[in-house]
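What's in query.cif: mmCIF, C-alpha atoms
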```cif
data_upload
loop_
_atom_site.label_atom_id
_atom_site.label_comp_id
_atom_site.auth_asym_id
_atom_site.auth_seq_id
_atom_site.Cartn_x
_atom_site.Cartn_y
_atom_site.Cartn_z
CA MET A 487 0.00 0.00 0.00
CA GLN A 488 2.63 2.52 1.09
CA GLN A 489 4.89 1.27 -1.68
CA ILE A 490 2.28 2.02 -4.35
CA LEU A 491 1.65 5.42 -2.74
CA PHE A 492 5.35 6.22 -2.83
CA TYR A 493 5.72 5.47 -6.52
CA ILE A 494 2.53 7.35 -7.46
CA LEU A 495 3.70 10.39 -5.48
CA ALA A 496 7.18 10.12 -7.01
CA LEU A 497 5.70 10.03 -10.50
CA LEU A 498 3.50 13.03 -9.72
CA ALA A 499 6.40 15.00 -8.25
CA ILE A 500 8.62 14.36 -11.28
CA ALA A 501 5.84 15.06 -13.79
CA PHE A 502 4.82 18.33 -12.13
CA SER A 503 8.41 19.50 -11.73
CA ILE A 504 9.03 18.86 -15.45
CA ALA A 505 5.82 20.79 -16.17
CA THR A 506 7.18 23.61 -14.01
CA ILE A 507 10.28 24.10 -16.10
CA THR A 508 8.73 23.45 -19.51
CA SER A 509 5.39 25.25 -19.57
CA ARG A 510 5.28 28.45 -21.65
CA ASN A 511 2.94 30.29 -19.34
CA ALA A 512 4.56 31.32 -16.04
CA MET A 513 1.16 30.93 -14.36
CA TYR A 514 1.09 27.21 -15.15
CA SER A 515 4.67 26.94 -13.90
CA VAL A 516 3.67 28.34 -10.51
CA LEU A 517 0.65 26.04 -10.23
CA SER A 518 2.72 22.97 -11.18
CA LEU A 519 5.26 23.95 -8.56
CA VAL A 520 2.48 24.07 -5.94
CA ALA A 521 1.46 20.55 -6.98
CA THR A 522 5.09 19.42 -6.66
CA PHE A 523 5.21 20.86 -3.15
CA PHE A 524 2.06 18.97 -2.17
CA ALA A 525 3.63 15.72 -3.42
CA LEU A 526 6.73 16.49 -1.35
CA ALA A 527 4.56 17.08 1.71
CA GLY A 528 3.18 13.58 1.09
CA PHE A 529 6.72 12.20 1.27
CA TYR A 530 7.34 14.02 4.52
CA LEU A 531 4.19 12.46 5.97
CA MET A 532 5.33 9.02 4.83
CA LEU A 533 8.65 9.64 6.60
CA ASN A 534 6.85 10.44 9.90
CA ALA A 535 7.89 14.08 9.74
CA GLU A 536 4.47 15.60 10.36
CA PHE A 537 5.67 18.95 11.61
CA VAL A 538 7.99 19.46 8.62
CA ALA A 539 5.11 18.51 6.32
CA PHE A 540 2.75 21.09 7.80
CA VAL A 541 5.35 23.84 7.90
CA HIS A 542 6.28 22.97 4.32
CA ILE A 543 2.68 23.41 3.17
CA ILE A 544 2.25 26.65 5.10
CA VAL A 545 5.53 28.23 4.05
CA TYR A 546 5.86 27.04 0.47
CA ALA A 547 2.33 26.55 -0.83
CA GLY A 548 1.07 29.37 1.36
CA ALA A 549 3.63 32.14 1.48
CA ILE A 550 6.27 31.66 -1.21
CA MET A 551 3.90 30.63 -3.98
CA VAL A 552 1.58 33.55 -3.26
CA LEU A 553 4.60 35.80 -3.68
CA PHE A 554 5.41 34.16 -7.03
CA LEU A 555 1.80 34.38 -8.20
CA PHE A 556 1.68 38.01 -7.17
CA VAL A 557 4.79 38.88 -9.19
CA VAL A 558 3.65 36.86 -12.23
CA MET A 559 0.30 38.63 -12.22
CA MET A 560 1.78 42.07 -11.56
CA LEU A 561 4.30 41.88 -14.42
CA ASN A 562 1.80 40.18 -16.79
CA LEU A 563 4.34 38.87 -19.28
CA ASN A 564 2.17 36.49 -21.27
CA GLN A 565 2.74 38.20 -24.61
CA SER A 566 6.34 39.16 -23.95
CA PRO A 567 9.28 37.68 -25.92
CA VAL A 568 10.69 36.20 -22.71
CA ASN A 569 8.55 33.12 -23.29
CA ILE A 570 10.11 32.35 -26.67
CA PRO A 571 12.35 29.33 -26.05
CA ARG A 572 16.08 29.33 -26.56
CA PRO A 573 17.49 27.84 -29.81
CA LEU A 574 17.27 24.08 -30.11
CA LEU A 575 20.99 23.54 -29.63
CA ALA A 576 21.02 25.52 -26.36
CA ARG A 577 18.01 23.58 -25.07
CA LEU A 578 19.63 20.28 -26.01
CA ALA A 579 22.85 21.32 -24.30
CA ALA A 580 20.94 22.29 -21.14
CA VAL A 581 19.11 18.97 -20.96
CA VAL A 582 22.27 16.96 -21.66
CA ALA A 583 24.26 18.90 -19.06
CA GLY A 584 21.57 18.45 -16.44
CA GLY A 585 21.16 14.77 -17.29
CA ILE A 586 24.88 14.13 -17.03
CA PHE A 587 24.93 15.97 -13.71
CA GLY A 588 22.15 13.71 -12.44
CA LEU A 589 23.97 10.62 -13.71
CA THR A 590 27.11 11.71 -11.87
CA LEU A 591 25.15 12.03 -8.63
CA VAL A 592 23.53 8.60 -9.12
CA ALA A 593 26.95 7.07 -9.87
CA ALA A 594 28.30 8.63 -6.68
CA LEU A 595 25.34 7.16 -4.80
CA SER A 596 26.03 3.69 -6.19
CA GLN A 597 29.59 3.92 -4.79
CA THR A 598 28.33 4.89 -1.33
CA ILE A 599 27.74 2.47 1.49
CA LEU A 600 24.61 3.71 3.24
CA PRO A 601 24.37 3.34 7.03
CA THR A 602 22.03 0.80 8.52
CA SER A 603 18.74 2.07 9.88
CA ALA A 604 18.22 2.90 13.55
CA GLU A 605 15.95 0.88 15.82
CA SER A 606 12.33 1.39 14.83
CA THR A 607 11.21 2.04 18.43
CA ALA A 608 13.04 5.39 18.54
CA LEU A 609 11.81 6.53 15.13
CA ALA A 610 8.20 7.43 15.94
CA GLU A 611 9.26 10.40 18.05
CA VAL A 612 11.80 11.85 15.62
CA GLY A 613 9.47 14.09 13.62
CA SER A 614 7.09 15.10 16.40
CA VAL A 615 6.54 18.72 17.40
CA ARG A 616 7.76 17.99 20.94
CA THR A 617 11.14 16.61 19.87
CA LEU A 618 11.75 19.25 17.22
CA GLY A 619 10.71 22.09 19.53
CA LYS A 620 13.02 20.90 22.29
CA MET A 621 15.89 20.63 19.83
CA LEU A 622 15.17 24.01 18.26
CA PHE A 623 15.12 25.82 21.59
CA ASN A 624 18.11 24.07 23.12
CA GLU A 625 20.88 23.10 20.73
CA PHE A 626 19.80 25.35 17.89
CA LEU A 627 18.76 28.39 19.91
CA LEU A 628 21.45 30.71 18.56
CA PRO A 629 20.84 29.95 14.85
CA PHE A 630 17.10 30.20 15.51
CA GLU A 631 17.51 33.70 16.92
CA LEU A 632 19.89 34.64 14.12
CA THR A 633 17.21 33.80 11.53
CA SER A 634 15.13 36.64 12.96
CA VAL A 635 18.03 39.00 12.26
CA LEU A 636 18.16 37.60 8.72
CA PHE A 637 14.45 38.25 8.28
CA ILE A 638 14.72 41.82 9.55
CA ALA A 639 17.60 42.45 7.15
CA THR A 640 15.61 40.90 4.29
CA MET A 641 12.51 42.92 5.11
CA VAL A 642 14.42 46.20 5.20
CA GLY A 643 16.21 45.26 1.99
CA VAL A 644 13.00 44.44 0.15
CA VAL A 645 11.31 47.65 1.24
CA VAL A 646 14.33 49.75 0.24
CA LEU A 647 14.68 47.97 -3.11
CA THR A 648 11.09 48.25 -4.23
CA LYS A 649 10.50 51.80 -3.03
CA LYS A 650 9.90 54.14 -5.94
CA GLU A 651 12.54 56.80 -6.22
CA GLU A 652 11.25 60.32 -6.02
CA MET B 1264 4.08 1.44 13.29
CA ALA B 1265 5.64 -0.09 10.22
CA GLN B 1266 9.11 1.10 9.29
CA ILE B 1267 8.88 2.91 5.96
CA PHE B 1268 12.41 1.91 4.97
CA ASN B 1269 11.47 -1.77 5.09
CA ILE B 1270 8.87 -1.05 2.39
CA VAL B 1271 10.62 1.58 0.30
CA PRO B 1272 14.42 1.51 0.55
CA LEU B 1273 16.34 4.68 1.40
CA GLU B 1274 18.00 4.59 -2.03
CA HIS B 1275 14.69 5.33 -3.73
CA PHE B 1276 14.17 8.47 -1.68
CA ILE B 1277 17.72 9.59 -2.52
CA ILE B 1278 17.31 8.84 -6.23
CA LEU B 1279 14.01 10.77 -6.27
CA SER B 1280 15.62 13.82 -4.71
CA LEU B 1281 18.57 13.54 -7.13
CA ILE B 1282 16.10 13.52 -10.05
CA LEU B 1283 14.28 16.57 -8.68
CA PHE B 1284 17.59 18.37 -8.17
CA SER B 1285 18.67 17.60 -11.74
CA ILE B 1286 15.33 18.88 -13.06
CA GLY B 1287 16.01 22.09 -11.14
CA VAL B 1288 19.47 22.37 -12.72
CA ILE B 1289 17.99 21.80 -16.19
CA GLY B 1290 15.38 24.48 -15.48
CA VAL B 1291 18.05 27.03 -14.55
CA LEU B 1292 19.97 26.27 -17.75
CA LEU B 1293 16.94 25.99 -20.01
CA ARG B 1294 14.78 29.00 -19.36
CA ARG B 1295 15.16 32.70 -20.13
CA ASN B 1296 12.36 33.83 -17.85
CA MET B 1297 13.86 34.93 -14.54
CA ILE B 1298 10.77 33.93 -12.55
CA VAL B 1299 11.03 30.36 -13.80
CA VAL B 1300 14.73 30.34 -12.95
CA PHE B 1301 13.81 31.30 -9.37
CA MET B 1302 11.25 28.50 -9.30
CA SER B 1303 13.91 26.03 -10.44
CA ILE B 1304 16.09 27.16 -7.54
CA GLU B 1305 13.16 26.48 -5.20
CA LEU B 1306 12.89 23.02 -6.72
CA MET B 1307 16.57 22.35 -5.98
CA LEU B 1308 16.22 23.53 -2.38
CA ASN B 1309 13.24 21.24 -1.94
CA ALA B 1310 15.14 18.27 -3.33
CA VAL B 1311 17.82 18.89 -0.71
CA ASN B 1312 15.12 19.17 1.98
CA LEU B 1313 13.63 15.84 0.96
CA MET B 1314 17.03 14.19 1.21
CA ALA B 1315 17.69 15.74 4.63
CA VAL B 1316 14.34 14.54 5.98
CA SER B 1317 14.80 11.03 4.62
CA PHE B 1318 18.27 10.73 6.16
CA SER B 1319 16.94 12.15 9.41
CA ALA B 1320 14.12 9.61 9.51
CA HIS B 1321 16.53 6.85 8.54
CA LYS B 1322 19.03 7.58 11.26
CA GLY B 1323 16.47 8.55 13.91
CA ASP B 1324 18.10 11.93 14.48
CA SER B 1325 15.92 15.05 14.57
CA ALA B 1326 18.76 17.44 13.73
CA GLY B 1327 18.19 16.88 10.01
CA GLN B 1328 14.63 18.11 10.29
CA VAL B 1329 15.74 21.19 12.21
CA PHE B 1330 18.14 21.96 9.36
CA VAL B 1331 15.17 21.74 6.98
CA PHE B 1332 13.57 24.61 8.90
CA PHE B 1333 16.65 26.72 8.43
CA VAL B 1334 16.72 25.89 4.72
CA MET B 1335 13.07 26.98 4.49
CA VAL B 1336 13.88 30.24 6.30
CA VAL B 1337 16.74 30.99 3.94
CA ALA B 1338 14.57 30.04 0.95
CA ALA B 1339 11.82 32.42 2.05
CA ALA B 1340 14.30 35.27 2.52
CA GLU B 1341 15.92 34.49 -0.83
CA VAL B 1342 12.61 34.51 -2.68
CA ALA B 1343 11.46 37.78 -1.11
CA LEU B 1344 14.71 39.54 -1.92
CA GLY B 1345 15.05 37.92 -5.35
CA LEU B 1346 11.57 38.92 -6.43
CA ALA B 1347 12.17 42.46 -5.16
CA ILE B 1348 15.31 42.64 -7.31
CA LEU B 1349 13.33 41.17 -10.22
CA VAL B 1350 10.62 43.83 -9.94
CA MET B 1351 13.28 46.52 -9.82
CA ILE B 1352 15.04 45.09 -12.87
CA TYR B 1353 11.73 45.01 -14.69
CA ARG B 1354 11.16 48.68 -13.87
CA ASN B 1355 14.55 49.69 -15.22
CA VAL B 1356 15.08 47.34 -18.19
CA LYS B 1357 11.43 46.54 -19.04
CA SER B 1358 12.34 42.87 -19.40
CA ILE B 1359 13.06 39.87 -17.18
CA ASP B 1360 14.93 37.96 -19.88
CA ILE B 1361 18.23 36.89 -18.37
CA ASN B 1362 19.88 37.31 -21.79
CA GLU B 1363 19.15 41.03 -21.63
CA LEU B 1364 21.07 41.46 -18.39
CA LYS B 1365 24.60 41.62 -19.73
CA GLN B 1366 25.69 45.10 -18.71
CA LEU B 1367 28.13 43.55 -16.24
CA LYS B 1368 29.61 41.25 -18.85
CA TRP B 1369 32.29 43.56 -20.21
#
```
Target format structure tokens, applied to this file:
Amino acid sequence: MQQILFYILALLAIAFSIATITSRNAMYSVLSLVATFFALAGFYLMLNAEFVAFVHIIVYAGAIMVLFLFVVMMLNLNQSPVNIPRPLLARLAAVVAGGIFGLTLVAALSQTILPTSAESTALAEVGSVRTLGKMLFNEFLLPFELTSVLFIATMVGVVVLTKKEE
Amino acid sequence: MAQIFNIVPLEHFIILSLILFSIGVIGVLLRRNMIVVFMSIELMLNAVNLMAVSFSAHKGDSAGQVFVFFVMVVAAAEVALGLAILVMIYRNVKSIDINELKQLKW
């Protein structure tokens, strides 16, 4: 059952991510990317990482994709020449380069000896909110606080960048 | 609770995230539209996240999932700033074709 679910979700994720990079209309790209993110959230649920799955949906499908949709709609580039594809040779080169890159990674994986899995009794707690919260506010407290500094800097930067000059 | 890695081996999760990462790389190389290039970068970050979560679940160590949060934070900041730069470029150049942005080339 879970095996079939995994392969269906994997197929969906790959198909929607290919649709993301190939569709002419940027709107369809954004919507395919949302579908890819939902498939990925399914994988996180299968891996017992509920909290990561929910945060992933909220942050990516909720916040980041709305930002993308907003920019796509605001610029309204459907008729613009940016959607004309590159020449055939450049496209072929891109696909071959990316494919060879992927093959290199898979070859590296086949040379790797993966570690054996941990005991299954400890695994149920790994992705729970309790465990992650304790870890986030103990060992990772400093990086967690530093992310707020990063966000402040980003927010100020965005406001300064997009402000219209008088 | 059945162990997922007895049903689907860890290698399949890794190969899936490698495929998604490669699709992201192809998207960056293939497209001229800057928005789609940003989306391909998001795809690559998510492939890395998937791999981190699957290793974390495999080893029974929560640290991997905490790292995923930090990757998400950086991704959100990157998208906000990147799209702001994109809007500004569009205002000045009237195009978001990455081939048009070659003033720094020479």
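If you look at atom CA of B:Ile1348 and atom CA of B:Ile1304, they are 15.5 Å away from each other.
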List every residue of stretch 543-578 of chain A that has an atom at most 8 Å from any atom of stretch 1296-1302 of chain B, and for each one report the closest atom pair and its distance in Å to one decimal, counting all atoms listed in the file, with rows sorted by chain and then by increasing residue number, as a tab-separated table.
```
residue	atom	partner	partner_atom	distance
A:Phe554	CA	B:Ile1298	CA	7.7
A:Val558	CA	B:Ile1298	CA	7.7
A:Val568	CA	B:Asn1296	CA	5.7
A:Asn569	CA	B:Asn1296	CA	6.7
```
Given the PyMOL selection byres ((chain A) within 7 of (chain B)), the residues it picks as a PyMOL selection string: chain A and resi 489+496+500+504+507+512+533+538+550+568-569+577+580-581+584-585+587-588+591-592+603-604+606+608-609+612-613+618+622+637+640+644+647-648
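Put simply, atom CA of A:Arg572 is 19.4 Å away from atom CA of A:Ser503.
Atom CA of A:Ile494 to atom CA of A:Ser518 spans 16.1 Å [interatomic distance, one decimal].
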Need the axis-aligned box for stretch 1289-1303 of chain B with 5 Å each side, so what are the centre and edges in Å to one decimal, as AutoDock Vina command-line options?
```
--center_x 15.4 --center_y 28.4 --center_z -14.7 --size_x 19.2 --size_y 23.1 --size_z 20.8
```
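For the file shown, the residue list from the PyMOL selection byres ((chain A and resi 502) around 10) reads A:Ala496, A:Leu497, A:Leu498, A:Ala499, A:Ile500, A:Ala501, A:Ser503, A:Ile504, A:Ala505, A:Thr506, A:Ile507, A:Thr508, A:Ser515, A:Leu517, A:Ser518, A:Leu519, A:Val520, A:Ala521, A:Thr522, A:Phe523, A:Ala525.
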Export of prior selection with C-alpha atoms as a compact mmCIF listing (two decimals), in the frame of the given file:
```
# COMPACT_ATOMS: atom_id res chain seq x y z
CA ALA A 496 7.18 10.12 -7.01
CA LEU A 497 5.70 10.03 -10.50
CA LEU A 498 3.50 13.03 -9.72
CA ALA A 499 6.40 15.00 -8.25
CA ILE A 500 8.62 14.36 -11.28
CA ALA A 501 5.84 15.06 -13.79
CA SER A 503 8.41 19.50 -11.73
CA ILE A 504 9.03 18.86 -15.45
CA ALA A 505 5.82 20.79 -16.17
CA THR A 506 7.18 23.61 -14.01
CA ILE A 507 10.28 24.10 -16.10
CA THR A 508 8.73 23.45 -19.51
CA SER A 515 4.67 26.94 -13.90
CA LEU A 517 0.65 26.04 -10.23
CA SER A 518 2.72 22.97 -11.18
CA LEU A 519 5.26 23.95 -8.56
CA VAL A 520 2.48 24.07 -5.94
CA ALA A 521 1.46 20.55 -6.98
CA THR A 522 5.09 19.42 -6.66
CA PHE A 523 5.21 20.86 -3.15
CA ALA A 525 3.63 15.72 -3.42
```
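Considering all atoms listed in the file, the residue among A:Ile586, A:Met532, A:Ala527, A:Val557 positioned nearest to A:Met487 is A:Met532.
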Can I get a file of stretch 621-635 of chain A from the given structure, all heavy atoms kept, as an mmCIF file, in the first residue's frame?
```
data_model
loop_
_atom_site.group_PDB
_atom_site.id
_atom_site.type_symbol
_atom_site.label_atom_id
_atom_site.label_comp_id
_atom_site.auth_asym_id
_atom_site.auth_seq_id
_atom_site.Cartn_x
_atom_site.Cartn_y
_atom_site.Cartn_z
ATOM 1 N N MET A 621 14.581 20.493 20.486
ATOM 2 C CA MET A 621 15.886 20.626 19.831
ATOM 3 C C MET A 621 16.110 22.071 19.373
ATOM 4 O O MET A 621 17.186 22.628 19.529
ATOM 5 C CB MET A 621 15.924 19.685 18.642
ATOM 6 C CG MET A 621 17.323 19.352 18.221
ATOM 7 S SD MET A 621 17.307 17.853 17.281
ATOM 8 C CE MET A 621 18.765 17.093 17.910
ATOM 9 N N LEU A 622 15.042 22.656 18.812
ATOM 10 C CA LEU A 622 15.166 24.011 18.258
ATOM 11 C C LEU A 622 15.477 25.016 19.348
ATOM 12 O O LEU A 622 16.217 25.978 19.115
ATOM 13 C CB LEU A 622 13.859 24.366 17.553
ATOM 14 C CG LEU A 622 13.877 25.463 16.508
ATOM 15 C CD1 LEU A 622 14.864 25.112 15.422
ATOM 16 C CD2 LEU A 622 12.504 25.608 15.906
ATOM 17 N N PHE A 623 14.930 24.815 20.550
ATOM 18 C CA PHE A 623 15.118 25.817 21.595
ATOM 19 C C PHE A 623 16.221 25.442 22.567
ATOM 20 O O PHE A 623 16.416 26.129 23.576
ATOM 21 C CB PHE A 623 13.815 26.066 22.332
ATOM 22 C CG PHE A 623 12.845 26.855 21.518
ATOM 23 C CD1 PHE A 623 11.774 26.234 20.913
ATOM 24 C CD2 PHE A 623 13.039 28.212 21.314
ATOM 25 C CE1 PHE A 623 10.900 26.956 20.129
ATOM 26 C CE2 PHE A 623 12.168 28.932 20.536
ATOM 27 C CZ PHE A 623 11.099 28.304 19.940
ATOM 28 N N ASN A 624 16.938 24.354 22.308
ATOM 29 C CA ASN A 624 18.112 24.069 23.125
ATOM 30 C C ASN A 624 19.393 24.153 22.315
ATOM 31 O O ASN A 624 20.127 25.128 22.393
ATOM 32 C CB ASN A 624 17.990 22.691 23.781
ATOM 33 C CG ASN A 624 16.973 22.695 24.888
ATOM 34 O OD1 ASN A 624 16.994 23.591 25.727
ATOM 35 N ND2 ASN A 624 16.066 21.738 24.878
ATOM 36 N N GLU A 625 19.604 23.124 21.453
ATOM 37 C CA GLU A 625 20.878 23.100 20.726
ATOM 38 C C GLU A 625 20.946 24.161 19.648
ATOM 39 O O GLU A 625 22.014 24.674 19.347
ATOM 40 C CB GLU A 625 21.077 21.728 20.077
ATOM 41 C CG GLU A 625 21.426 20.637 21.039
ATOM 42 C CD GLU A 625 20.728 19.353 20.680
ATOM 43 O OE1 GLU A 625 19.559 19.215 21.076
ATOM 44 O OE2 GLU A 625 21.332 18.520 20.000
ATOM 45 N N PHE A 626 19.786 24.465 19.045
ATOM 46 C CA PHE A 626 19.803 25.352 17.887
ATOM 47 C C PHE A 626 19.228 26.724 18.235
ATOM 48 O O PHE A 626 18.686 27.396 17.375
ATOM 49 C CB PHE A 626 19.028 24.727 16.734
ATOM 50 C CG PHE A 626 19.688 23.512 16.178
ATOM 51 C CD1 PHE A 626 19.339 22.244 16.612
ATOM 52 C CD2 PHE A 626 20.689 23.629 15.224
ATOM 53 C CE1 PHE A 626 19.960 21.129 16.106
ATOM 54 C CE2 PHE A 626 21.317 22.520 14.717
ATOM 55 C CZ PHE A 626 20.956 21.270 15.161
ATOM 56 N N LEU A 627 19.370 27.122 19.504
ATOM 57 C CA LEU A 627 18.756 28.389 19.906
ATOM 58 C C LEU A 627 19.419 29.570 19.216
ATOM 59 O O LEU A 627 18.740 30.468 18.706
ATOM 60 C CB LEU A 627 18.849 28.543 21.430
ATOM 61 C CG LEU A 627 18.150 29.788 21.975
ATOM 62 C CD1 LEU A 627 16.679 29.728 21.644
ATOM 63 C CD2 LEU A 627 18.347 29.907 23.458
ATOM 64 N N LEU A 628 20.744 29.561 19.159
ATOM 65 C CA LEU A 628 21.454 30.707 18.558
ATOM 66 C C LEU A 628 21.127 30.851 17.073
ATOM 67 O O LEU A 628 20.734 31.942 16.644
ATOM 68 C CB LEU A 628 22.956 30.573 18.804
ATOM 69 C CG LEU A 628 23.786 31.705 18.219
ATOM 70 C CD1 LEU A 628 23.455 33.010 18.925
ATOM 71 C CD2 LEU A 628 25.270 31.429 18.326
ATOM 72 N N PRO A 629 21.241 29.786 16.254
ATOM 73 C CA PRO A 629 20.841 29.952 14.852
ATOM 74 C C PRO A 629 19.385 30.336 14.690
ATOM 75 O O PRO A 629 19.047 31.133 13.812
ATOM 76 C CB PRO A 629 21.109 28.583 14.217
ATOM 77 C CG PRO A 629 21.664 27.727 15.243
ATOM 78 C CD PRO A 629 21.890 28.496 16.476
ATOM 79 N N PHE A 630 18.518 29.841 15.591
ATOM 80 C CA PHE A 630 17.102 30.196 15.513
ATOM 81 C C PHE A 630 16.902 31.687 15.717
ATOM 82 O O PHE A 630 16.117 32.335 15.013
ATOM 83 C CB PHE A 630 16.338 29.392 16.567
ATOM 84 C CG PHE A 630 14.877 29.693 16.623
ATOM 85 C CD1 PHE A 630 14.026 29.234 15.646
ATOM 86 C CD2 PHE A 630 14.355 30.458 17.651
ATOM 87 C CE1 PHE A 630 12.681 29.517 15.692
ATOM 88 C CE2 PHE A 630 13.020 30.748 17.711
ATOM 89 C CZ PHE A 630 12.179 30.279 16.716
ATOM 90 N N GLU A 631 17.635 32.259 16.696
ATOM 91 C CA GLU A 631 17.514 33.702 16.919
ATOM 92 C C GLU A 631 18.142 34.482 15.771
ATOM 93 O O GLU A 631 17.661 35.556 15.413
ATOM 94 C CB GLU A 631 18.163 34.088 18.248
ATOM 95 C CG GLU A 631 17.498 33.493 19.466
ATOM 96 C CD GLU A 631 16.097 34.028 19.696
ATOM 97 O OE1 GLU A 631 15.782 35.090 19.153
ATOM 98 O OE2 GLU A 631 15.317 33.364 20.401
ATOM 99 N N LEU A 632 19.219 33.930 15.216
ATOM 100 C CA LEU A 632 19.886 34.645 14.118
ATOM 101 C C LEU A 632 18.996 34.720 12.891
ATOM 102 O O LEU A 632 19.093 35.669 12.112
ATOM 103 C CB LEU A 632 21.216 33.971 13.777
ATOM 104 C CG LEU A 632 22.349 34.246 14.740
ATOM 105 C CD1 LEU A 632 23.589 33.488 14.316
ATOM 106 C CD2 LEU A 632 22.647 35.723 14.793
ATOM 107 N N THR A 633 18.100 33.718 12.696
ATOM 108 C CA THR A 633 17.213 33.795 11.531
ATOM 109 C C THR A 633 16.307 35.015 11.617
ATOM 110 O O THR A 633 15.942 35.580 10.590
ATOM 111 C CB THR A 633 16.341 32.540 11.428
ATOM 112 O OG1 THR A 633 15.670 32.357 12.658
ATOM 113 C CG2 THR A 633 17.136 31.344 11.053
ATOM 114 N N SER A 634 15.967 35.451 12.865
ATOM 115 C CA SER A 634 15.127 36.642 12.957
ATOM 116 C C SER A 634 15.893 37.868 12.482
ATOM 117 O O SER A 634 15.322 38.760 11.841
ATOM 118 C CB SER A 634 14.626 36.818 14.382
ATOM 119 O OG SER A 634 15.701 36.871 15.255
ATOM 120 N N VAL A 635 17.208 37.893 12.770
ATOM 121 C CA VAL A 635 18.033 38.995 12.259
ATOM 122 C C VAL A 635 18.046 38.966 10.738
ATOM 123 O O VAL A 635 17.904 39.993 10.063
ATOM 124 C CB VAL A 635 19.462 38.896 12.830
ATOM 125 C CG1 VAL A 635 20.320 40.016 12.276
ATOM 126 C CG2 VAL A 635 19.437 38.940 14.331
#
```
